[in-house]
Amino acid sequence: MPYDEPTADRIRKILKRTKGIEEKKMFGGLAFMLNGHMACGVLDTTLVLRLGNEGAAKALKEKHTRPMDFTGKPLKSMVYVDPKGFKTDAALKAWVKCAVDHARSLPPK
């Protein structure tokens with residue numbers, strides 16, 4: 001499944017000054033890695049966030065989110081955000097910040 005290039009460009013703009021970011025094709029979409037750890041990505045038109053177990057549980061209380069169930073079994077540390085949940089640049093920036101903050105809390109690979 002391809003990823004939405006305009007959404008990827010919006011994320012690139014947010015992350016342009018963040019050191020240690022790399023792009024990697026994953027899950028059939030595009031992932032943004034920080035120091036070797038996935039922070040966020042795009043799958044089709046959906047935002048993918050790695051937030052850790054606590055962060056994901058908190059995020060799932062927000063509108064337009066759902067568990068990431070790529071394999072048919074929900075991943076406790078990751079969520080999907082539907083396009084309505086990051087319609088504005090401020091909303092997307094807030095989601096990406098949460099994912100980057102989580103990735104920064106992990107030991108470098």
# chains A, B, ... in the order shown; residues from 1 in each chain; ligands from 1
$ residues_around --residues "Gly41 in chain A" --least-positions-apart "2" --cutoff "7 Å" --atoms "only C-alpha atoms" --output "ChimeraX atom specification"
/A:30-32,43,47-49
$ write_last_selection --atoms "all heavy atoms" --output "mmCIF file, in the first residue's frame"
data_model
loop_
_atom_site.group_PDB
_atom_site.id
_atom_site.type_symbol
_atom_site.label_atom_id
_atom_site.label_comp_id
_atom_site.auth_asym_id
_atom_site.auth_seq_id
_atom_site.Cartn_x
_atom_site.Cartn_y
_atom_site.Cartn_z
ATOM 1 N N LEU A 30 5.846 4.639 4.766
ATOM 2 C CA LEU A 30 7.090 5.347 5.050
ATOM 3 C C LEU A 30 7.185 5.613 6.536
ATOM 4 O O LEU A 30 6.237 6.116 7.148
ATOM 5 C CB LEU A 30 7.122 6.674 4.278
ATOM 6 C CG LEU A 30 8.377 7.511 4.440
ATOM 7 C CD1 LEU A 30 9.572 6.803 3.777
ATOM 8 C CD2 LEU A 30 8.181 8.884 3.825
ATOM 9 N N ALA A 31 8.332 5.272 7.129
ATOM 10 C CA ALA A 31 8.567 5.510 8.553
ATOM 11 C C ALA A 31 9.656 6.560 8.714
ATOM 12 O O ALA A 31 10.591 6.640 7.919
ATOM 13 C CB ALA A 31 8.984 4.223 9.242
ATOM 14 N N PHE A 32 9.536 7.343 9.765
ATOM 15 C CA PHE A 32 10.548 8.315 10.152
ATOM 16 C C PHE A 32 11.206 7.780 11.411
ATOM 17 O O PHE A 32 10.544 7.560 12.428
ATOM 18 C CB PHE A 32 9.921 9.691 10.386
ATOM 19 C CG PHE A 32 9.397 10.309 9.129
ATOM 20 C CD1 PHE A 32 8.097 10.044 8.703
ATOM 21 C CD2 PHE A 32 10.191 11.138 8.357
ATOM 22 C CE1 PHE A 32 7.610 10.595 7.530
ATOM 23 C CE2 PHE A 32 9.710 11.690 7.176
ATOM 24 C CZ PHE A 32 8.410 11.422 6.763
ATOM 25 N N LEU A 43 1.030 5.464 6.365
ATOM 26 C CA LEU A 43 0.579 4.272 5.666
ATOM 27 C C LEU A 43 -0.711 4.647 4.961
ATOM 28 O O LEU A 43 -1.701 4.964 5.626
ATOM 29 C CB LEU A 43 0.352 3.128 6.648
ATOM 30 C CG LEU A 43 -0.115 1.809 6.068
ATOM 31 C CD1 LEU A 43 0.918 1.252 5.088
ATOM 32 C CD2 LEU A 43 -0.364 0.803 7.175
ATOM 33 N N LEU A 47 -1.746 8.320 9.621
ATOM 34 C CA LEU A 47 -0.553 8.598 10.404
ATOM 35 C C LEU A 47 -0.317 7.419 11.346
ATOM 36 O O LEU A 47 -1.251 6.911 11.975
ATOM 37 C CB LEU A 47 -0.759 9.886 11.216
ATOM 38 C CG LEU A 47 0.369 10.361 12.109
ATOM 39 C CD1 LEU A 47 1.604 10.712 11.283
ATOM 40 C CD2 LEU A 47 -0.092 11.570 12.930
ATOM 41 N N VAL A 48 0.917 6.967 11.432
ATOM 42 C CA VAL A 48 1.306 5.872 12.319
ATOM 43 C C VAL A 48 2.232 6.461 13.377
ATOM 44 O O VAL A 48 3.195 7.154 13.039
ATOM 45 C CB VAL A 48 2.040 4.753 11.547
ATOM 46 C CG1 VAL A 48 2.425 3.623 12.480
ATOM 47 C CG2 VAL A 48 1.196 4.244 10.384
ATOM 48 N N LEU A 49 1.942 6.186 14.645
ATOM 49 C CA LEU A 49 2.737 6.732 15.742
ATOM 50 C C LEU A 49 3.193 5.626 16.675
ATOM 51 O O LEU A 49 2.405 4.764 17.062
ATOM 52 C CB LEU A 49 1.910 7.726 16.565
ATOM 53 C CG LEU A 49 1.332 8.916 15.825
ATOM 54 C CD1 LEU A 49 0.332 9.629 16.709
ATOM 55 C CD2 LEU A 49 2.431 9.849 15.378
#
$ closest_atom_pairs --of "range 66-102 of chain A" --to "range 15-26 of chain A" --cutoff "12 Å" --atoms "only C-alpha atoms" --output "CSV"
residue,atom,partner,partner_atom,distance
A:Phe70,CA,A:Met26,CA,11.3
A:Leu92,CA,A:Leu15,CA,11.2
A:Lys93,CA,A:Leu15,CA,9.1
A:Ala94,CA,A:Leu15,CA,11.9
A:Trp95,CA,A:Leu15,CA,12.0
A:Val96,CA,A:Leu15,CA,8.4
A:Lys97,CA,A:Leu15,CA,9.1
A:Ala99,CA,A:Leu15,CA,11.3
A:Val100,CA,A:Leu15,CA,9.1
A:Asp101,CA,A:Thr18,CA,11.3
$ write_last_selection --atoms "N, CA, C and O atoms" --output "short mmCIF file (atom, residue, chain, number, x, y, z; two decimals), in the first residue's frame"
data_model
loop_
_atom_site.label_atom_id
_atom_site.label_comp_id
_atom_site.auth_asym_id
_atom_site.auth_seq_id
_atom_site.Cartn_x
_atom_site.Cartn_y
_atom_site.Cartn_z
N PHE A 70 -1.81 -3.86 12.32
CA PHE A 70 -1.23 -4.23 11.03
C PHE A 70 -1.17 -5.74 10.83
O PHE A 70 -1.38 -6.24 9.74
N LEU A 92 -0.98 17.91 13.58
CA LEU A 92 0.06 16.99 13.11
C LEU A 92 1.34 17.20 13.90
O LEU A 92 1.99 16.24 14.34
N LYS A 93 1.70 18.44 14.13
CA LYS A 93 2.92 18.75 14.88
C LYS A 93 2.84 18.18 16.30
O LYS A 93 3.82 17.63 16.81
N ALA A 94 1.69 18.28 16.93
CA ALA A 94 1.52 17.75 18.28
C ALA A 94 1.68 16.23 18.30
O ALA A 94 2.36 15.69 19.19
N TRP A 95 1.08 15.54 17.34
CA TRP A 95 1.22 14.09 17.27
C TRP A 95 2.69 13.70 17.02
O TRP A 95 3.21 12.80 17.68
N VAL A 96 3.33 14.35 16.07
CA VAL A 96 4.72 14.02 15.74
C VAL A 96 5.62 14.28 16.96
O VAL A 96 6.51 13.49 17.25
N LYS A 97 5.36 15.36 17.67
CA LYS A 97 6.15 15.67 18.87
C LYS A 97 6.04 14.54 19.90
O LYS A 97 7.04 14.13 20.50
N ALA A 99 5.48 11.40 19.34
CA ALA A 99 6.24 10.25 18.84
C ALA A 99 7.74 10.48 18.95
O ALA A 99 8.49 9.57 19.34
N VAL A 100 8.20 11.67 18.63
CA VAL A 100 9.63 12.00 18.73
C VAL A 100 10.08 11.96 20.19
O VAL A 100 11.14 11.43 20.50
N ASP A 101 9.26 12.50 21.07
CA ASP A 101 9.60 12.47 22.50
C ASP A 101 9.75 11.03 22.99
O ASP A 101 10.68 10.71 23.75
#
$ residues_around --residues "Asp69 in chain A" --least-positions-apart "6" --cutoff "10 Å" --atoms "only C-alpha atoms" --output "PyMOL selection string"
chain A and resi 75-76+78-80
$ select_by_dssp --residues "chain A" --states "alpha helix (DSSP H)" --output "PyMOL selection string"
chain A and resi 5-15+52-59+89-104
$ residues_around --residues "Gly36 in chain A" --least-positions-apart "2" --cutoff "8 Å" --atoms "only C-alpha atoms" --output "JSON, numbers by chain"
{"A": [22, 33, 34, 38, 108, 109]}
$ write_last_selection --atoms "all heavy atoms" --output "PDB file, in the first residue's frame"
ATOM      1  N   GLU A  22      15.902   9.641   9.980  1.00  0.00           N
ATOM      2  CA  GLU A  22      16.072   8.942   8.704  1.00  0.00           C
ATOM      3  C   GLU A  22      14.714   8.446   8.243  1.00  0.00           C
ATOM      4  O   GLU A  22      13.849   8.162   9.069  1.00  0.00           O
ATOM      5  CB  GLU A  22      16.991   7.735   8.857  1.00  0.00           C
ATOM      6  CG  GLU A  22      18.419   8.059   9.210  1.00  0.00           C
ATOM      7  CD  GLU A  22      19.229   6.785   9.354  1.00  0.00           C
ATOM      8  OE1 GLU A  22      19.293   6.010   8.385  1.00  0.00           O
ATOM      9  OE2 GLU A  22      19.769   6.571  10.449  1.00  0.00           O
ATOM     10  N   MET A  33      12.495   7.527  11.311  1.00  0.00           N
ATOM     11  CA  MET A  33      13.269   6.917  12.384  1.00  0.00           C
ATOM     12  C   MET A  33      14.099   7.991  13.087  1.00  0.00           C
ATOM     13  O   MET A  33      14.668   8.853  12.434  1.00  0.00           O
ATOM     14  CB  MET A  33      14.208   5.870  11.811  1.00  0.00           C
ATOM     15  CG  MET A  33      13.582   4.912  10.805  1.00  0.00           C
ATOM     16  SD  MET A  33      12.423   3.773  11.526  1.00  0.00           S
ATOM     17  CE  MET A  33      13.558   2.651  12.325  1.00  0.00           C
ATOM     18  N   LEU A  34      14.175   7.905  14.402  1.00  0.00           N
ATOM     19  CA  LEU A  34      15.028   8.795  15.188  1.00  0.00           C
ATOM     20  C   LEU A  34      16.039   7.934  15.917  1.00  0.00           C
ATOM     21  O   LEU A  34      15.663   7.092  16.741  1.00  0.00           O
ATOM     22  CB  LEU A  34      14.203   9.614  16.187  1.00  0.00           C
ATOM     23  CG  LEU A  34      15.009  10.523  17.105  1.00  0.00           C
ATOM     24  CD1 LEU A  34      15.715  11.618  16.306  1.00  0.00           C
ATOM     25  CD2 LEU A  34      14.130  11.140  18.165  1.00  0.00           C
ATOM     26  N   MET A  38      11.773   3.771  15.282  1.00  0.00           N
ATOM     27  CA  MET A  38      10.645   4.368  14.582  1.00  0.00           C
ATOM     28  C   MET A  38       9.940   5.346  15.514  1.00  0.00           C
ATOM     29  O   MET A  38       9.655   5.027  16.663  1.00  0.00           O
ATOM     30  CB  MET A  38       9.651   3.301  14.134  1.00  0.00           C
ATOM     31  CG  MET A  38       8.497   3.924  13.377  1.00  0.00           C
ATOM     32  SD  MET A  38       7.260   2.728  12.956  1.00  0.00           S
ATOM     33  CE  MET A  38       5.992   3.835  12.356  1.00  0.00           C
ATOM     34  N   PRO A 108      19.812   4.795  22.174  1.00  0.00           N
ATOM     35  CA  PRO A 108      20.186   4.767  20.755  1.00  0.00           C
ATOM     36  C   PRO A 108      20.559   3.362  20.311  1.00  0.00           C
ATOM     37  O   PRO A 108      21.106   2.586  21.103  1.00  0.00           O
ATOM     38  CB  PRO A 108      21.406   5.688  20.674  1.00  0.00           C
ATOM     39  CG  PRO A 108      21.402   6.472  21.929  1.00  0.00           C
ATOM     40  CD  PRO A 108      20.676   5.657  22.947  1.00  0.00           C
ATOM     41  N   LYS A 109      20.245   3.054  19.062  1.00  0.00           N
ATOM     42  CA  LYS A 109      20.606   1.738  18.509  1.00  0.00           C
ATOM     43  C   LYS A 109      22.007   1.808  17.953  1.00  0.00           C
ATOM     44  O   LYS A 109      22.482   2.801  17.528  1.00  0.00           O
ATOM     45  CB  LYS A 109      19.630   1.347  17.407  1.00  0.00           C
ATOM     46  CG  LYS A 109      18.305   0.895  17.986  1.00  0.00           C
ATOM     47  CD  LYS A 109      17.451   0.310  16.878  1.00  0.00           C
ATOM     48  CE  LYS A 109      16.245  -0.362  17.462  1.00  0.00           C
ATOM     49  NZ  LYS A 109      15.430  -1.019  16.479  1.00  0.00           N
TER      50      LYS A 109
END
$ residues_around --residues "His102 in chain A" --least-positions-apart "6" --cutoff "9 Å" --atoms "only C-alpha atoms" --output "ChimeraX atom specification"
/A:39,50-52,55
$ residues_around --residues "Glu62 in chain A" --least-positions-apart "5" --cutoff "10 Å" --atoms "only C-alpha atoms" --output "PyMOL selection string"
chain A and resi 57+81+85
$ closest_atom_pairs --of "range 64-91 of chain A" --to "range 3-9 of chain A" --cutoff "10 Å" --atoms "only C-alpha atoms" --output "tab-separated table"
residue	atom	partner	partner_atom	distance
A:Pro83	CA	A:Thr7	CA	9.1
A:Phe86	CA	A:Thr7	CA	9.4
A:Lys87	CA	A:Thr7	CA	9.8
$ write_last_selection --atoms "C-alpha atoms" --output "short mmCIF file (atom, residue, chain, number, x, y, z; two decimals), in the first residue's frame"
data_model
loop_
_atom_site.label_atom_id
_atom_site.label_comp_id
_atom_site.auth_asym_id
_atom_site.auth_seq_id
_atom_site.Cartn_x
_atom_site.Cartn_y
_atom_site.Cartn_z
CA PRO A 83 -6.58 12.07 8.46
CA PHE A 86 -4.20 15.66 11.88
CA LYS A 87 -6.04 17.95 9.50
#
$ select_by_dssp --residues "range 45-96 of chain A" --states "strand (DSSP E or B)" --output "PyMOL selection string"
chain A and resi 46-50+65-68+75-81
$ write_last_selection --atoms "all heavy atoms" --output "compact mmCIF listing (two decimals), in the first residue's frame"
# COMPACT_ATOMS: atom_id res chain seq x y z
N THR A 46 -2.99 7.36 6.44
CA THR A 46 -3.07 7.26 7.91
C THR A 46 -1.72 7.56 8.54
O THR A 46 -0.69 7.10 8.07
CB THR A 46 -3.54 5.84 8.30
OG1 THR A 46 -4.79 5.59 7.68
CG2 THR A 46 -3.67 5.70 9.79
N LEU A 47 -1.75 8.32 9.62
CA LEU A 47 -0.55 8.60 10.40
C LEU A 47 -0.32 7.42 11.35
O LEU A 47 -1.25 6.91 11.97
CB LEU A 47 -0.76 9.89 11.22
CG LEU A 47 0.37 10.36 12.11
CD1 LEU A 47 1.60 10.71 11.28
CD2 LEU A 47 -0.09 11.57 12.93
N VAL A 48 0.92 6.97 11.43
CA VAL A 48 1.31 5.87 12.32
C VAL A 48 2.23 6.46 13.38
O VAL A 48 3.20 7.15 13.04
CB VAL A 48 2.04 4.75 11.55
CG1 VAL A 48 2.42 3.62 12.48
CG2 VAL A 48 1.20 4.24 10.38
N LEU A 49 1.94 6.19 14.64
CA LEU A 49 2.74 6.73 15.74
C LEU A 49 3.19 5.63 16.68
O LEU A 49 2.40 4.76 17.06
CB LEU A 49 1.91 7.73 16.57
CG LEU A 49 1.33 8.92 15.82
CD1 LEU A 49 0.33 9.63 16.71
CD2 LEU A 49 2.43 9.85 15.38
N ARG A 50 4.46 5.67 17.04
CA ARG A 50 4.98 4.79 18.10
C ARG A 50 5.08 5.65 19.35
O ARG A 50 5.88 6.60 19.40
CB ARG A 50 6.34 4.23 17.72
CG ARG A 50 6.88 3.30 18.78
CD ARG A 50 8.19 2.72 18.36
NE ARG A 50 8.66 1.78 19.36
CZ ARG A 50 9.92 1.39 19.45
NH1 ARG A 50 10.82 1.84 18.60
NH2 ARG A 50 10.28 0.56 20.40
N THR A 65 -8.44 8.18 16.46
CA THR A 65 -7.33 7.26 16.68
C THR A 65 -7.88 5.84 16.81
O THR A 65 -9.05 5.63 17.15
CB THR A 65 -6.54 7.60 17.96
OG1 THR A 65 -7.39 7.47 19.09
CG2 THR A 65 -5.95 8.99 17.90
N ARG A 66 -7.00 4.88 16.54
CA ARG A 66 -7.36 3.47 16.71
C ARG A 66 -6.07 2.68 16.90
O ARG A 66 -5.00 3.14 16.51
CB ARG A 66 -8.18 2.96 15.54
CG ARG A 66 -7.53 3.11 14.20
CD ARG A 66 -8.54 2.83 13.06
NE ARG A 66 -8.08 3.41 11.82
CZ ARG A 66 -7.33 2.79 10.92
NH1 ARG A 66 -6.95 1.55 11.12
NH2 ARG A 66 -6.96 3.39 9.82
N PRO A 67 -6.18 1.50 17.48
CA PRO A 67 -4.97 0.70 17.68
C PRO A 67 -4.36 0.32 16.33
O PRO A 67 -5.07 0.08 15.36
CB PRO A 67 -5.47 -0.55 18.40
CG PRO A 67 -6.81 -0.20 18.93
CD PRO A 67 -7.37 0.86 18.03
N MET A 68 -3.06 0.24 16.29
CA MET A 68 -2.40 -0.25 15.10
C MET A 68 -2.53 -1.76 15.12
O MET A 68 -2.05 -2.42 16.03
CB MET A 68 -0.93 0.15 15.06
CG MET A 68 -0.24 -0.32 13.81
SD MET A 68 1.49 0.15 13.77
CE MET A 68 1.97 -0.60 12.24
N LEU A 75 -1.05 -3.66 18.34
CA LEU A 75 0.23 -3.40 18.98
C LEU A 75 -0.01 -2.38 20.08
O LEU A 75 -0.50 -1.28 19.80
CB LEU A 75 1.24 -2.88 17.96
CG LEU A 75 1.55 -3.84 16.81
CD1 LEU A 75 2.40 -3.15 15.75
CD2 LEU A 75 2.25 -5.07 17.32
N LYS A 76 0.34 -2.69 21.29
CA LYS A 76 0.03 -1.84 22.44
C LYS A 76 0.77 -0.51 22.43
O LYS A 76 0.34 0.44 23.06
CB LYS A 76 0.32 -2.58 23.74
CG LYS A 76 -0.59 -3.74 23.98
CD LYS A 76 -0.27 -4.42 25.29
CE LYS A 76 -1.19 -5.60 25.51
NZ LYS A 76 -0.93 -6.25 26.80
N SER A 77 1.88 -0.44 21.73
CA SER A 77 2.70 0.77 21.77
C SER A 77 2.49 1.69 20.57
O SER A 77 3.11 2.75 20.49
CB SER A 77 4.17 0.40 21.87
OG SER A 77 4.58 -0.29 20.69
N MET A 78 1.62 1.29 19.64
CA MET A 78 1.47 2.06 18.40
C MET A 78 0.00 2.33 18.10
O MET A 78 -0.87 1.53 18.43
CB MET A 78 2.13 1.32 17.25
CG MET A 78 3.62 1.14 17.49
SD MET A 78 4.48 0.33 16.16
CE MET A 78 4.50 1.63 14.94
N VAL A 79 -0.24 3.48 17.46
CA VAL A 79 -1.61 3.84 17.09
C VAL A 79 -1.65 4.36 15.66
O VAL A 79 -0.64 4.83 15.12
CB VAL A 79 -2.22 4.91 18.03
CG1 VAL A 79 -2.29 4.42 19.46
CG2 VAL A 79 -1.47 6.22 17.96
N TYR A 80 -2.83 4.28 15.08
CA TYR A 80 -3.13 4.93 13.82
C TYR A 80 -3.93 6.18 14.13
O TYR A 80 -4.77 6.18 15.04
CB TYR A 80 -4.03 4.05 12.94
CG TYR A 80 -3.40 2.84 12.31
CD1 TYR A 80 -4.12 1.65 12.25
CD2 TYR A 80 -2.14 2.88 11.73
CE1 TYR A 80 -3.60 0.53 11.63
CE2 TYR A 80 -1.61 1.75 11.11
CZ TYR A 80 -2.34 0.59 11.06
OH TYR A 80 -1.83 -0.52 10.45
N VAL A 81 -3.70 7.23 13.37
CA VAL A 81 -4.51 8.45 13.45
C VAL A 81 -5.07 8.68 12.05
O VAL A 81 -4.31 8.80 11.08
CB VAL A 81 -3.70 9.68 13.91
CG1 VAL A 81 -4.60 10.90 14.03
CG2 VAL A 81 -3.00 9.40 15.24
$ decode --residues "range 51-76 of chain A" --atoms "N, CA, C and O atoms" --output "compact mmCIF listing (two decimals), in the first residue's frame"
# COMPACT_ATOMS: atom_id res chain seq x y z
N LEU A 51 4.27 5.32 20.35
CA LEU A 51 4.17 6.17 21.53
C LEU A 51 4.49 5.44 22.83
O LEU A 51 4.43 6.04 23.89
N GLY A 52 4.81 4.17 22.77
CA GLY A 52 4.98 3.39 23.99
C GLY A 52 3.61 2.99 24.51
O GLY A 52 2.59 3.54 24.10
N ASN A 53 3.58 2.04 25.42
CA ASN A 53 2.30 1.52 25.92
C ASN A 53 1.44 2.60 26.57
O ASN A 53 0.26 2.71 26.29
N GLU A 54 2.04 3.38 27.47
CA GLU A 54 1.27 4.42 28.17
C GLU A 54 0.82 5.53 27.21
O GLU A 54 -0.32 5.98 27.27
N GLY A 55 1.73 5.96 26.35
CA GLY A 55 1.38 7.01 25.40
C GLY A 55 0.30 6.59 24.43
O GLY A 55 -0.60 7.36 24.09
N ALA A 56 0.37 5.34 23.98
CA ALA A 56 -0.64 4.83 23.05
C ALA A 56 -1.99 4.73 23.75
O ALA A 56 -3.03 5.09 23.17
N ALA A 57 -2.01 4.25 24.98
CA ALA A 57 -3.27 4.15 25.72
C ALA A 57 -3.91 5.53 25.89
O ALA A 57 -5.13 5.69 25.73
N LYS A 58 -3.10 6.53 26.17
CA LYS A 58 -3.60 7.90 26.30
C LYS A 58 -4.10 8.41 24.95
O LYS A 58 -5.16 9.03 24.87
N ALA A 59 -3.35 8.16 23.89
CA ALA A 59 -3.73 8.64 22.56
C ALA A 59 -5.05 8.03 22.10
O ALA A 59 -5.84 8.68 21.40
N LEU A 60 -5.31 6.78 22.47
CA LEU A 60 -6.52 6.10 22.03
C LEU A 60 -7.79 6.71 22.62
O LEU A 60 -8.89 6.40 22.16
N LYS A 61 -7.64 7.59 23.58
CA LYS A 61 -8.80 8.30 24.13
C LYS A 61 -9.18 9.50 23.27
O LYS A 61 -10.23 10.10 23.47
N GLU A 62 -8.32 9.86 22.32
CA GLU A 62 -8.56 11.00 21.44
C GLU A 62 -9.39 10.56 20.22
O GLU A 62 -9.35 9.40 19.82
N LYS A 63 -10.08 11.53 19.64
CA LYS A 63 -10.86 11.27 18.43
C LYS A 63 -9.93 10.88 17.28
O LYS A 63 -8.79 11.34 17.22
N HIS A 64 -10.45 10.09 16.38
CA HIS A 64 -9.79 9.72 15.13
C HIS A 64 -8.56 8.85 15.31
O HIS A 64 -7.70 8.80 14.45
N THR A 65 -8.44 8.18 16.46
CA THR A 65 -7.33 7.26 16.68
C THR A 65 -7.88 5.84 16.81
O THR A 65 -9.05 5.63 17.15
N ARG A 66 -7.00 4.88 16.54
CA ARG A 66 -7.36 3.47 16.71
C ARG A 66 -6.07 2.68 16.90
O ARG A 66 -5.00 3.14 16.51
N PRO A 67 -6.18 1.50 17.48
CA PRO A 67 -4.97 0.70 17.68
C PRO A 67 -4.36 0.32 16.33
O PRO A 67 -5.07 0.08 15.36
N MET A 68 -3.06 0.24 16.29
CA MET A 68 -2.40 -0.25 15.10
C MET A 68 -2.53 -1.76 15.12
O MET A 68 -2.05 -2.42 16.03
N ASP A 69 -3.20 -2.29 14.11
CA ASP A 69 -3.45 -3.72 14.06
C ASP A 69 -2.97 -4.29 12.72
O ASP A 69 -3.63 -5.09 12.10
N PHE A 70 -1.81 -3.86 12.32
CA PHE A 70 -1.23 -4.23 11.03
C PHE A 70 -1.17 -5.74 10.83
O PHE A 70 -1.38 -6.24 9.74
N THR A 71 -0.89 -6.47 11.88
CA THR A 71 -0.74 -7.92 11.78
C THR A 71 -2.02 -8.66 12.15
O THR A 71 -2.04 -9.88 12.17
N GLY A 72 -3.10 -7.94 12.45
CA GLY A 72 -4.33 -8.57 12.90
C GLY A 72 -4.41 -8.60 14.42
O GLY A 72 -5.46 -8.88 14.98
N LYS A 73 -3.30 -8.30 15.08
CA LYS A 73 -3.25 -8.23 16.54
C LYS A 73 -2.79 -6.82 16.91
O LYS A 73 -1.73 -6.39 16.47
N PRO A 74 -3.59 -6.10 17.70
CA PRO A 74 -3.20 -4.72 18.03
C PRO A 74 -1.84 -4.65 18.73
O PRO A 74 -1.52 -5.48 19.58
N LEU A 75 -1.05 -3.66 18.34
CA LEU A 75 0.23 -3.40 18.98
C LEU A 75 -0.01 -2.38 20.08
O LEU A 75 -0.50 -1.28 19.80
N LYS A 76 0.34 -2.69 21.29
CA LYS A 76 0.03 -1.84 22.44
C LYS A 76 0.77 -0.51 22.43
O LYS A 76 0.34 0.44 23.06
